[in-house]
$ cat query.csv   # CSV, N, CA and C atoms
chain,number,residue,atom,x,y,z
A,1,VAL,N,73.7,98.6,108.4
A,1,VAL,CA,74.7,99.2,109.2
A,1,VAL,C,74.0,99.9,110.4
A,2,GLN,N,74.6,99.8,111.6
A,2,GLN,CA,74.1,100.5,112.8
A,2,GLN,C,75.0,101.7,113.1
A,3,LEU,N,74.4,102.8,113.4
A,3,LEU,CA,75.1,104.1,113.7
A,3,LEU,C,74.9,104.5,115.1
A,4,GLN,N,76.0,105.0,115.7
A,4,GLN,CA,76.0,105.5,117.1
A,4,GLN,C,76.6,106.8,117.1
A,5,ALA,N,75.8,107.8,117.4
A,5,ALA,CA,76.3,109.2,117.5
A,5,ALA,C,76.6,109.6,118.9
A,6,TYR,N,77.7,110.3,119.1
A,6,TYR,CA,78.0,110.8,120.4
A,6,TYR,C,78.9,112.0,120.3
A,7,GLY,N,79.2,112.6,121.5
A,7,GLY,CA,80.0,113.8,121.5
A,7,GLY,C,79.3,115.1,121.8
A,8,GLY,N,77.9,115.0,121.9
A,8,GLY,CA,77.2,116.2,122.2
A,8,GLY,C,77.4,116.7,123.7
A,9,GLY,N,76.8,117.8,124.0
A,9,GLY,CA,77.0,118.4,125.3
A,9,GLY,C,76.5,119.8,125.4
A,10,LEU,N,76.9,120.4,126.5
A,10,LEU,CA,76.5,121.8,126.7
A,10,LEU,C,77.8,122.7,126.6
A,11,VAL,N,77.7,123.7,125.7
A,11,VAL,CA,78.8,124.6,125.5
A,11,VAL,C,78.3,126.0,125.4
A,12,GLN,N,79.2,126.9,125.7
A,12,GLN,CA,78.9,128.3,125.6
A,12,GLN,C,79.0,128.8,124.1
A,13,ALA,N,78.2,129.8,123.8
A,13,ALA,CA,78.3,130.4,122.5
A,13,ALA,C,79.7,130.8,122.2
A,14,GLY,N,80.2,130.5,121.0
A,14,GLY,CA,81.5,130.7,120.5
A,14,GLY,C,82.4,129.5,120.7
A,15,GLY,N,81.9,128.5,121.5
A,15,GLY,CA,82.7,127.3,121.7
A,15,GLY,C,82.7,126.3,120.6
A,16,SER,N,83.3,125.2,120.9
A,16,SER,CA,83.4,124.1,119.9
A,16,SER,C,83.0,122.8,120.5
A,17,LEU,N,82.6,121.9,119.6
A,17,LEU,CA,82.3,120.5,119.9
A,17,LEU,C,82.7,119.7,118.7
A,18,ARG,N,83.0,118.4,118.9
A,18,ARG,CA,83.2,117.5,117.8
A,18,ARG,C,82.3,116.3,118.1
A,19,LEU,N,81.4,116.1,117.1
A,19,LEU,CA,80.5,115.0,117.2
A,19,LEU,C,81.2,113.8,116.4
A,20,SER,N,80.9,112.6,116.9
A,20,SER,CA,81.4,111.4,116.2
A,20,SER,C,80.2,110.5,115.9
A,21,CYS,N,80.3,109.7,114.9
A,21,CYS,CA,79.3,108.8,114.5
A,21,CYS,C,80.0,107.5,114.1
A,22,ALA,N,79.9,106.5,115.0
A,22,ALA,CA,80.6,105.2,114.8
A,22,ALA,C,79.6,104.2,114.1
A,23,ALA,N,80.1,103.6,113.1
A,23,ALA,CA,79.2,102.7,112.3
A,23,ALA,C,79.7,101.2,112.5
A,24,SER,N,78.8,100.3,112.5
A,24,SER,CA,79.1,98.9,112.6
A,24,SER,C,79.1,98.4,111.1
A,25,GLY,N,79.7,97.2,110.9
A,25,GLY,CA,79.7,96.6,109.6
A,25,GLY,C,80.9,96.9,108.8
A,26,ARG,N,81.1,96.1,107.8
A,26,ARG,CA,82.3,96.2,107.0
A,26,ARG,C,82.2,97.1,105.8
A,27,THR,N,81.0,97.6,105.6
A,27,THR,CA,80.7,98.3,104.3
A,27,THR,C,80.7,99.8,104.6
A,28,PHE,N,81.1,100.3,105.7
A,28,PHE,CA,81.0,101.7,106.0
A,28,PHE,C,81.6,102.6,104.9
A,29,SER,N,82.7,102.1,104.3
A,29,SER,CA,83.5,102.9,103.3
A,29,SER,C,82.7,103.0,102.0
A,30,SER,N,81.6,102.3,101.9
A,30,SER,CA,80.8,102.4,100.7
A,30,SER,C,79.5,103.3,100.9
A,31,TYR,N,79.4,104.0,102.0
A,31,TYR,CA,78.3,104.8,102.3
A,31,TYR,C,78.6,106.3,102.3
A,32,ALA,N,77.8,107.1,101.7
A,32,ALA,CA,77.8,108.5,101.9
A,32,ALA,C,77.2,108.8,103.2
A,33,MET,N,77.7,109.8,103.9
A,33,MET,CA,77.3,110.0,105.3
A,33,MET,C,76.8,111.5,105.4
A,34,GLY,N,75.8,111.6,106.3
A,34,GLY,CA,75.3,113.0,106.5
A,34,GLY,C,75.0,113.2,108.0
A,35,TRP,N,74.9,114.5,108.3
A,35,TRP,CA,74.5,115.0,109.6
A,35,TRP,C,73.2,115.8,109.4
A,36,PHE,N,72.3,115.6,110.3
A,36,PHE,CA,71.1,116.4,110.4
A,36,PHE,C,70.9,116.8,111.8
A,37,ARG,N,70.0,117.8,112.0
A,37,ARG,CA,69.7,118.2,113.4
A,37,ARG,C,68.2,118.5,113.4
A,38,GLN,N,67.7,118.5,114.6
A,38,GLN,CA,66.3,118.8,114.9
A,38,GLN,C,66.1,119.5,116.2
A,39,ALA,N,65.6,120.7,116.1
A,39,ALA,CA,65.4,121.5,117.3
A,39,ALA,C,63.9,121.3,117.8
A,40,PRO,N,63.6,121.5,119.0
A,40,PRO,CA,62.2,121.3,119.5
A,40,PRO,C,61.2,122.1,118.7
A,41,GLY,N,60.2,121.4,118.2
A,41,GLY,CA,59.1,122.1,117.5
A,41,GLY,C,59.5,122.4,116.1
A,42,LYS,N,60.6,121.9,115.6
A,42,LYS,CA,61.0,122.2,114.2
A,42,LYS,C,61.3,120.9,113.5
A,43,GLU,N,61.3,121.0,112.2
A,43,GLU,CA,61.5,119.8,111.3
A,43,GLU,C,63.0,119.5,111.3
A,44,ARG,N,63.3,118.2,111.0
A,44,ARG,CA,64.7,117.8,110.9
A,44,ARG,C,65.3,118.5,109.7
A,45,GLU,N,66.5,119.1,109.9
A,45,GLU,CA,67.2,119.9,108.8
A,45,GLU,C,68.6,119.3,108.6
A,46,PHE,N,68.9,119.5,107.3
A,46,PHE,CA,70.2,119.0,106.8
A,46,PHE,C,71.3,119.9,107.4
A,47,VAL,N,72.5,119.3,107.8
A,47,VAL,CA,73.6,120.1,108.3
A,47,VAL,C,74.8,119.9,107.3
A,48,ALA,N,75.2,118.7,107.1
A,48,ALA,CA,76.4,118.5,106.2
A,48,ALA,C,76.4,117.0,105.7
A,49,ALA,N,77.1,116.8,104.6
A,49,ALA,CA,77.2,115.5,104.1
A,49,ALA,C,78.6,115.3,103.5
A,50,ILE,N,79.0,114.1,103.4
A,50,ILE,CA,80.3,113.7,102.8
A,50,ILE,C,80.2,112.5,101.9
A,51,SER,N,80.9,112.5,100.8
A,51,SER,CA,80.7,111.4,99.8
A,51,SER,C,81.5,110.2,100.3
A,52,VAL,N,81.4,109.1,99.6
A,52,VAL,CA,82.1,107.8,99.9
A,52,VAL,C,83.6,108.1,99.9
A,53,SER,N,84.1,108.8,98.9
A,53,SER,CA,85.5,109.0,98.8
A,53,SER,C,86.0,110.1,99.8
A,54,GLY,N,85.1,110.9,100.3
A,54,GLY,CA,85.5,112.0,101.1
A,54,GLY,C,85.9,113.2,100.4
A,55,LYS,N,85.9,113.1,99.1
A,55,LYS,CA,86.3,114.3,98.3
A,55,LYS,C,85.3,115.3,98.1
A,56,SER,N,84.0,114.9,98.2
A,56,SER,CA,82.9,115.8,98.1
A,56,SER,C,82.2,116.0,99.4
A,57,THR,N,82.0,117.3,99.7
A,57,THR,CA,81.2,117.6,101.0
A,57,THR,C,80.2,118.7,100.6
A,58,TYR,N,79.2,118.8,101.4
A,58,TYR,CA,78.2,119.8,101.2
A,58,TYR,C,77.7,120.3,102.6
A,59,TYR,N,77.4,121.6,102.7
A,59,TYR,CA,77.0,122.1,104.0
A,59,TYR,C,75.8,123.0,103.8
A,60,ALA,N,75.0,123.0,104.9
A,60,ALA,CA,73.9,124.0,104.9
A,60,ALA,C,74.5,125.4,105.0
A,61,ASP,N,73.8,126.4,104.5
A,61,ASP,CA,74.4,127.7,104.5
A,61,ASP,C,74.5,128.2,106.0
A,62,SER,N,73.7,127.7,106.8
A,62,SER,CA,73.7,128.2,108.2
A,62,SER,C,75.0,127.7,109.0
A,63,VAL,N,75.7,126.7,108.5
A,63,VAL,CA,76.8,126.2,109.2
A,63,VAL,C,78.1,126.3,108.4
A,64,LYS,N,78.0,126.7,107.1
A,64,LYS,CA,79.1,126.8,106.2
A,64,LYS,C,80.2,127.8,106.8
A,65,GLY,N,81.4,127.3,106.8
A,65,GLY,CA,82.5,128.1,107.4
A,65,GLY,C,82.7,127.9,108.9
A,66,ARG,N,81.8,127.2,109.6
A,66,ARG,CA,81.9,127.0,111.0
A,66,ARG,C,82.0,125.5,111.3
A,67,PHE,N,81.3,124.7,110.5
A,67,PHE,CA,81.3,123.2,110.7
A,67,PHE,C,82.1,122.5,109.6
A,68,THR,N,82.7,121.4,110.0
A,68,THR,CA,83.5,120.6,109.0
A,68,THR,C,83.2,119.1,109.2
A,69,ILE,N,82.8,118.5,108.1
A,69,ILE,CA,82.5,117.0,108.2
A,69,ILE,C,83.7,116.3,107.6
A,70,SER,N,84.0,115.2,108.2
A,70,SER,CA,85.1,114.4,107.8
A,70,SER,C,84.8,112.9,108.1
A,71,ARG,N,85.6,112.0,107.5
A,71,ARG,CA,85.4,110.6,107.8
A,71,ARG,C,86.8,109.9,107.9
A,72,ASP,N,86.8,108.8,108.7
A,72,ASP,CA,87.9,108.0,108.8
A,72,ASP,C,87.4,106.5,108.6
A,73,ASP,N,87.6,106.0,107.4
A,73,ASP,CA,87.1,104.7,107.1
A,73,ASP,C,87.8,103.6,107.9
A,74,ALA,N,89.0,103.8,108.3
A,74,ALA,CA,89.7,102.8,109.1
A,74,ALA,C,89.1,102.7,110.5
A,75,LYS,N,88.4,103.7,110.9
A,75,LYS,CA,87.7,103.7,112.2
A,75,LYS,C,86.2,103.6,112.1
A,76,ASN,N,85.8,103.5,110.8
A,76,ASN,CA,84.3,103.4,110.6
A,76,ASN,C,83.6,104.6,111.3
A,77,THR,N,84.1,105.8,111.2
A,77,THR,CA,83.6,106.9,111.9
A,77,THR,C,83.5,108.1,111.0
A,78,VAL,N,82.5,108.9,111.2
A,78,VAL,CA,82.3,110.2,110.5
A,78,VAL,C,82.3,111.2,111.7
A,79,TYR,N,82.9,112.4,111.4
A,79,TYR,CA,82.9,113.4,112.4
A,79,TYR,C,82.2,114.7,111.9
A,80,LEU,N,81.8,115.5,112.9
A,80,LEU,CA,81.3,116.8,112.6
A,80,LEU,C,82.0,117.8,113.6
A,81,GLN,N,83.0,118.5,113.1
A,81,GLN,CA,83.7,119.5,114.0
A,81,GLN,C,82.8,120.8,113.9
A,82,MET,N,82.4,121.2,115.0
A,82,MET,CA,81.6,122.4,115.1
A,82,MET,C,82.3,123.5,115.9
A,83,ASN,N,82.6,124.6,115.2
A,83,ASN,CA,83.2,125.8,115.8
A,83,ASN,C,82.3,127.0,115.8
A,84,SER,N,82.7,128.0,116.6
A,84,SER,CA,81.9,129.2,116.7
A,84,SER,C,80.4,128.9,116.8
A,85,LEU,N,80.1,128.1,117.8
A,85,LEU,CA,78.7,127.6,118.0
A,85,LEU,C,77.9,128.8,118.4
A,86,LYS,N,76.6,128.7,118.0
A,86,LYS,CA,75.6,129.8,118.3
A,86,LYS,C,74.4,129.1,119.0
A,87,PRO,N,73.7,129.9,119.8
A,87,PRO,CA,72.5,129.3,120.5
A,87,PRO,C,71.5,128.6,119.5
A,88,GLU,N,71.5,129.1,118.3
A,88,GLU,CA,70.5,128.6,117.3
A,88,GLU,C,71.0,127.2,116.7
A,89,ASP,N,72.2,126.8,117.1
A,89,ASP,CA,72.7,125.5,116.8
A,89,ASP,C,72.2,124.4,117.7
A,90,THR,N,71.5,124.8,118.8
A,90,THR,CA,71.0,123.9,119.8
A,90,THR,C,70.0,123.0,119.1
A,91,ALA,N,70.2,121.7,119.2
A,91,ALA,CA,69.4,120.7,118.6
A,91,ALA,C,69.9,119.3,119.0
A,92,VAL,N,69.1,118.3,118.6
A,92,VAL,CA,69.6,116.9,118.6
A,92,VAL,C,70.2,116.7,117.2
A,93,TYR,N,71.4,116.2,117.2
A,93,TYR,CA,72.1,115.9,116.0
A,93,TYR,C,72.1,114.4,115.7
A,94,TYR,N,71.8,114.1,114.4
A,94,TYR,CA,71.7,112.7,113.9
A,94,TYR,C,72.6,112.5,112.8
A,95,CYS,N,73.3,111.3,112.8
A,95,CYS,CA,74.0,111.0,111.6
A,95,CYS,C,73.2,110.0,110.8
A,96,ALA,N,73.5,109.9,109.5
A,96,ALA,CA,72.8,109.0,108.6
A,96,ALA,C,73.7,108.5,107.6
A,97,ALA,N,73.3,107.4,107.0
A,97,ALA,CA,74.2,106.7,106.0
A,97,ALA,C,73.3,106.3,104.8
A,98,ALA,N,74.0,106.5,103.6
A,98,ALA,CA,73.3,106.2,102.4
A,98,ALA,C,74.2,105.4,101.4
A,99,PRO,N,73.8,104.2,101.1
A,99,PRO,CA,74.6,103.4,100.2
A,99,PRO,C,74.4,103.8,98.7
A,100,ARG,N,74.6,105.0,98.4
A,100,ARG,CA,74.3,105.6,97.1
A,100,ARG,C,75.4,106.4,96.6
A,101,ALA,N,75.4,106.6,95.3
A,101,ALA,CA,76.4,107.5,94.7
A,101,ALA,C,76.0,109.0,95.0
A,102,TRP,N,77.0,109.8,95.1
A,102,TRP,CA,76.8,111.2,95.5
A,102,TRP,C,75.9,111.9,94.6
A,103,GLN,N,74.9,112.6,95.1
A,103,GLN,CA,74.0,113.5,94.3
A,103,GLN,C,73.8,114.7,95.2
A,104,THR,N,74.4,115.8,94.8
A,104,THR,CA,74.4,117.0,95.6
A,104,THR,C,72.9,117.5,95.9
A,105,LEU,N,72.1,117.4,95.0
A,105,LEU,CA,70.7,117.9,95.2
A,105,LEU,C,69.9,117.0,96.1
A,106,LEU,N,70.4,115.7,96.3
A,106,LEU,CA,69.6,114.8,97.1
A,106,LEU,C,70.2,114.6,98.5
A,107,VAL,N,71.5,114.9,98.7
A,107,VAL,CA,72.1,114.6,100.0
A,107,VAL,C,71.4,115.4,101.1
A,108,VAL,N,70.7,116.5,100.8
A,108,VAL,CA,70.1,117.3,101.8
A,108,VAL,C,68.7,116.8,102.2
A,109,THR,N,68.3,115.7,101.6
A,109,THR,CA,67.0,115.1,101.8
A,109,THR,C,67.0,113.9,102.8
A,110,PRO,N,66.3,114.0,103.9
A,110,PRO,CA,66.4,112.9,104.8
A,110,PRO,C,66.0,111.5,104.2
A,111,ASN,N,65.1,111.5,103.3
A,111,ASN,CA,64.6,110.2,102.7
A,111,ASN,C,65.7,109.6,101.8
A,112,TRP,N,66.7,110.3,101.5
A,112,TRP,CA,67.8,109.8,100.6
A,112,TRP,C,68.7,108.8,101.5
A,113,TYR,N,68.6,108.9,102.8
A,113,TYR,CA,69.4,108.1,103.6
A,113,TYR,C,68.7,106.8,104.1
A,114,HIS,N,69.4,105.7,104.2
A,114,HIS,CA,68.8,104.5,104.6
A,114,HIS,C,68.9,104.2,106.1
A,115,TYR,N,69.9,104.7,106.7
A,115,TYR,CA,70.2,104.3,108.1
A,115,TYR,C,70.4,105.6,109.0
A,116,TRP,N,69.9,105.5,110.2
A,116,TRP,CA,70.0,106.7,111.1
A,116,TRP,C,70.5,106.2,112.5
A,117,GLY,N,71.3,107.1,113.1
A,117,GLY,CA,71.7,106.9,114.4
A,117,GLY,C,70.7,107.5,115.4
A,118,GLN,N,70.9,107.4,116.7
A,118,GLN,CA,69.9,107.7,117.7
A,118,GLN,C,69.9,109.2,118.1
A,119,GLY,N,70.9,109.9,117.7
A,119,GLY,CA,71.0,111.3,118.0
A,119,GLY,C,71.8,111.6,119.3
A,120,THR,N,72.4,112.8,119.3
A,120,THR,CA,73.1,113.3,120.4
A,120,THR,C,72.7,114.8,120.6
A,121,GLN,N,72.5,115.2,121.8
A,121,GLN,CA,72.0,116.5,122.1
A,121,GLN,C,73.2,117.5,122.2
A,122,VAL,N,73.0,118.6,121.5
A,122,VAL,CA,73.9,119.7,121.5
A,122,VAL,C,73.2,121.0,122.1
A,123,THR,N,73.6,121.5,123.1
A,123,THR,CA,73.0,122.7,123.7
A,123,THR,C,74.0,123.8,123.8
A,124,VAL,N,73.7,125.0,123.2
A,124,VAL,CA,74.6,126.1,123.2
A,124,VAL,C,74.0,127.2,124.0
A,125,SER,N,74.6,127.6,125.0
A,125,SER,CA,74.1,128.7,125.9
A,125,SER,C,74.6,130.0,125.5
A,126,SER,N,73.8,131.0,125.6
A,126,SER,CA,74.2,132.4,125.2
A,126,SER,C,74.9,133.1,126.4
$ encode --input "query.csv" --output "structure tokens"
Amino acid sequence: VQLQAYGGGLVQAGGSLRLSCAASGRTFSSYAMGWFRQAPGKEREFVAAISVSGKSTYYADSVKGRFTISRDDAKNTVYLQMNSLKPEDTAVYYCAAAPRAWQTLLVVTPNWYHYWGQGTQVTVSS
């Protein structure tokens, strides 16, 4: 599967953005999906994940209550709605796909995912 992330941009603190990740292929609905981010000089970190059914989601503590992950299998797209953005949310955001059954302890691990998008830049100004 190929992933294309988009929707990033420049926003003021307190603002909102919605990232989208479009997937090619007919098997999107069988993939658990995740969002990660990487700020300059830092390691890639987990942001959010959603299970195949969409019934299970998991968030990093730093974004819980502000970000929402969702998926639309009819459009082969996963979304990340980001509200109340902070300067520390500034990073390149990546989407990822894993053809695996949901495992909460593992969805936060980059190596659990098989496929990655190219990333989209999010910059939050103070």
$ select_by_dssp --input "query.csv" --residues "chain A" --states "strand (DSSP E or B)" --output "PyMOL selection string"
chain A and resi 3-6+9-12+17-23+32-38+45-50+57-59+67-72+77-82+91-98+115-116+120-125
$ residues_around --input "query.csv" --residues "range 33-47 of chain A" --least-positions-apart "4" --cutoff "6 Å" --atoms "all atoms listed in the file" --output "list in words"
Ser51, Val52, Tyr58, Tyr59, Ala60, Thr90, Ala91, Val92, Tyr93, Tyr94, Cys95, Ala96, Ala97, Ala98 and Val108 of chain A
$ select_by_dssp --input "query.csv" --residues "range 9-105 of chain A" --states "helix (DSSP H, G or I)" --output "list of chain:residue names"
A:Phe28, A:Ser29, A:Ser30, A:Asp73, A:Ala74, A:Lys75, A:Pro87, A:Glu88, A:Asp89
$ residues_around --input "query.csv" --residues "Ser20 in chain A" --least-positions-apart "6" --cutoff "12 Å" --atoms "only C-alpha atoms" --output "CSV table (one decimal) with N, CA and C atoms, keeping the file's coordinate frame"
chain,number,residue,atom,x,y,z
A,3,LEU,N,74.4,102.8,113.4
A,3,LEU,CA,75.1,104.1,113.7
A,3,LEU,C,74.9,104.5,115.1
A,4,GLN,N,76.0,105.0,115.7
A,4,GLN,CA,76.0,105.5,117.1
A,4,GLN,C,76.6,106.8,117.1
A,5,ALA,N,75.8,107.8,117.4
A,5,ALA,CA,76.3,109.2,117.5
A,5,ALA,C,76.6,109.6,118.9
A,6,TYR,N,77.7,110.3,119.1
A,6,TYR,CA,78.0,110.8,120.4
A,6,TYR,C,78.9,112.0,120.3
A,7,GLY,N,79.2,112.6,121.5
A,7,GLY,CA,80.0,113.8,121.5
A,7,GLY,C,79.3,115.1,121.8
A,8,GLY,N,77.9,115.0,121.9
A,8,GLY,CA,77.2,116.2,122.2
A,8,GLY,C,77.4,116.7,123.7
A,33,MET,N,77.7,109.8,103.9
A,33,MET,CA,77.3,110.0,105.3
A,33,MET,C,76.8,111.5,105.4
A,34,GLY,N,75.8,111.6,106.3
A,34,GLY,CA,75.3,113.0,106.5
A,34,GLY,C,75.0,113.2,108.0
A,35,TRP,N,74.9,114.5,108.3
A,35,TRP,CA,74.5,115.0,109.6
A,35,TRP,C,73.2,115.8,109.4
A,68,THR,N,82.7,121.4,110.0
A,68,THR,CA,83.5,120.6,109.0
A,68,THR,C,83.2,119.1,109.2
A,69,ILE,N,82.8,118.5,108.1
A,69,ILE,CA,82.5,117.0,108.2
A,69,ILE,C,83.7,116.3,107.6
A,70,SER,N,84.0,115.2,108.2
A,70,SER,CA,85.1,114.4,107.8
A,70,SER,C,84.8,112.9,108.1
A,71,ARG,N,85.6,112.0,107.5
A,71,ARG,CA,85.4,110.6,107.8
A,71,ARG,C,86.8,109.9,107.9
A,72,ASP,N,86.8,108.8,108.7
A,72,ASP,CA,87.9,108.0,108.8
A,72,ASP,C,87.4,106.5,108.6
A,75,LYS,N,88.4,103.7,110.9
A,75,LYS,CA,87.7,103.7,112.2
A,75,LYS,C,86.2,103.6,112.1
A,76,ASN,N,85.8,103.5,110.8
A,76,ASN,CA,84.3,103.4,110.6
A,76,ASN,C,83.6,104.6,111.3
A,77,THR,N,84.1,105.8,111.2
A,77,THR,CA,83.6,106.9,111.9
A,77,THR,C,83.5,108.1,111.0
A,78,VAL,N,82.5,108.9,111.2
A,78,VAL,CA,82.3,110.2,110.5
A,78,VAL,C,82.3,111.2,111.7
A,79,TYR,N,82.9,112.4,111.4
A,79,TYR,CA,82.9,113.4,112.4
A,79,TYR,C,82.2,114.7,111.9
A,80,LEU,N,81.8,115.5,112.9
A,80,LEU,CA,81.3,116.8,112.6
A,80,LEU,C,82.0,117.8,113.6
A,81,GLN,N,83.0,118.5,113.1
A,81,GLN,CA,83.7,119.5,114.0
A,81,GLN,C,82.8,120.8,113.9
A,82,MET,N,82.4,121.2,115.0
A,82,MET,CA,81.6,122.4,115.1
A,82,MET,C,82.3,123.5,115.9
A,93,TYR,N,71.4,116.2,117.2
A,93,TYR,CA,72.1,115.9,116.0
A,93,TYR,C,72.1,114.4,115.7
A,94,TYR,N,71.8,114.1,114.4
A,94,TYR,CA,71.7,112.7,113.9
A,94,TYR,C,72.6,112.5,112.8
A,95,CYS,N,73.3,111.3,112.8
A,95,CYS,CA,74.0,111.0,111.6
A,95,CYS,C,73.2,110.0,110.8
A,96,ALA,N,73.5,109.9,109.5
A,96,ALA,CA,72.8,109.0,108.6
A,96,ALA,C,73.7,108.5,107.6
A,117,GLY,N,71.3,107.1,113.1
A,117,GLY,CA,71.7,106.9,114.4
A,117,GLY,C,70.7,107.5,115.4
A,119,GLY,N,70.9,109.9,117.7
A,119,GLY,CA,71.0,111.3,118.0
A,119,GLY,C,71.8,111.6,119.3
A,120,THR,N,72.4,112.8,119.3
A,120,THR,CA,73.1,113.3,120.4
A,120,THR,C,72.7,114.8,120.6
$ atom_distance --input "query.csv" --atom1 "CA of Tyr113 in chain A" --atom2 "CA of Leu19 in chain A"
18.9 Å
